[in-house]
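Working notes, structure below.
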Amino acid sequence: MKGDRVEIVVDAGDTTRTYEVVASRAGRRVETAVRRGVVEVSEVTRSGSVVRTARFMATRVLALVEQPVPREDASERPRDA
């Protein structure tokens, strides 16, 4: 959903770098995958098309923080009387 984001902290030798991948439009989401030593973070549309992807070597990734947007549950919505 719009606003979902993932922060990736990577070891860059003598320092660390932080990258963010954010779902920039309504209906998009951020997905993470770890495959064959590579961490892949992608912004994906509703239909499953990948908009952009960030790839990092898994051995260099120090932290991967997923920060979803709080979703309003149907039972918590105010009801009109």
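All residue names refer to the structure tokens as shown: chains lettered A, B, ... in order, residues numbered from 1 in each chain, ligands numbered from 1 in order.
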
Pick out each residue of chain A that DSSP on the backbone tags as strand (DSSP E or B); I need them as a PyMOL selection string.
chain A and resi 5-11+16-22+29-35+38-44+50-57+61-67

List the spatial neighbours of A:Arg55 as a list in words - criterion: any atom at most 9 Å away, only C-alpha atoms, same-chain residues fewer than 6 positions off excluded.
Val38, Val39, Glu40, Val41 and Ser42 of chain A

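Those residues that approach A:Pro70 to within 12 Å, counting only C-alpha atoms, are Met1, Lys2, Gly3, Asp4 and Arg5 of chain A; same-chain residues fewer than 5 positions away are not listed.
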
A:Glu43, A:Ile8, A:Thr18, A:Val61: which is nearest A:Val30, counting only C-alpha atoms?
A:Glu43

In Å, how far is it from atom CA of A:Val44 to atom CA of A:Glu31?
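Between these atoms lies a distance of 7.2 Å.
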
Residue neighbourhood A:Tyr19, 10 Å, only C-alpha atoms, exclusion window fewer than 4 positions, as a PyMOL selection string
chain A and resi 6-10+54+64

For the atom pair atom CA of A:Gln67 and atom CA of A:Asp11, what is the interatomic distance in Å to one decimal place?
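Separation of atom CA of A:Gln67 and atom CA of A:Asp11: 20.6 Å.
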
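Atom CA of A:Ser49 lies 23.2 Å from atom CA of A:Gly37.
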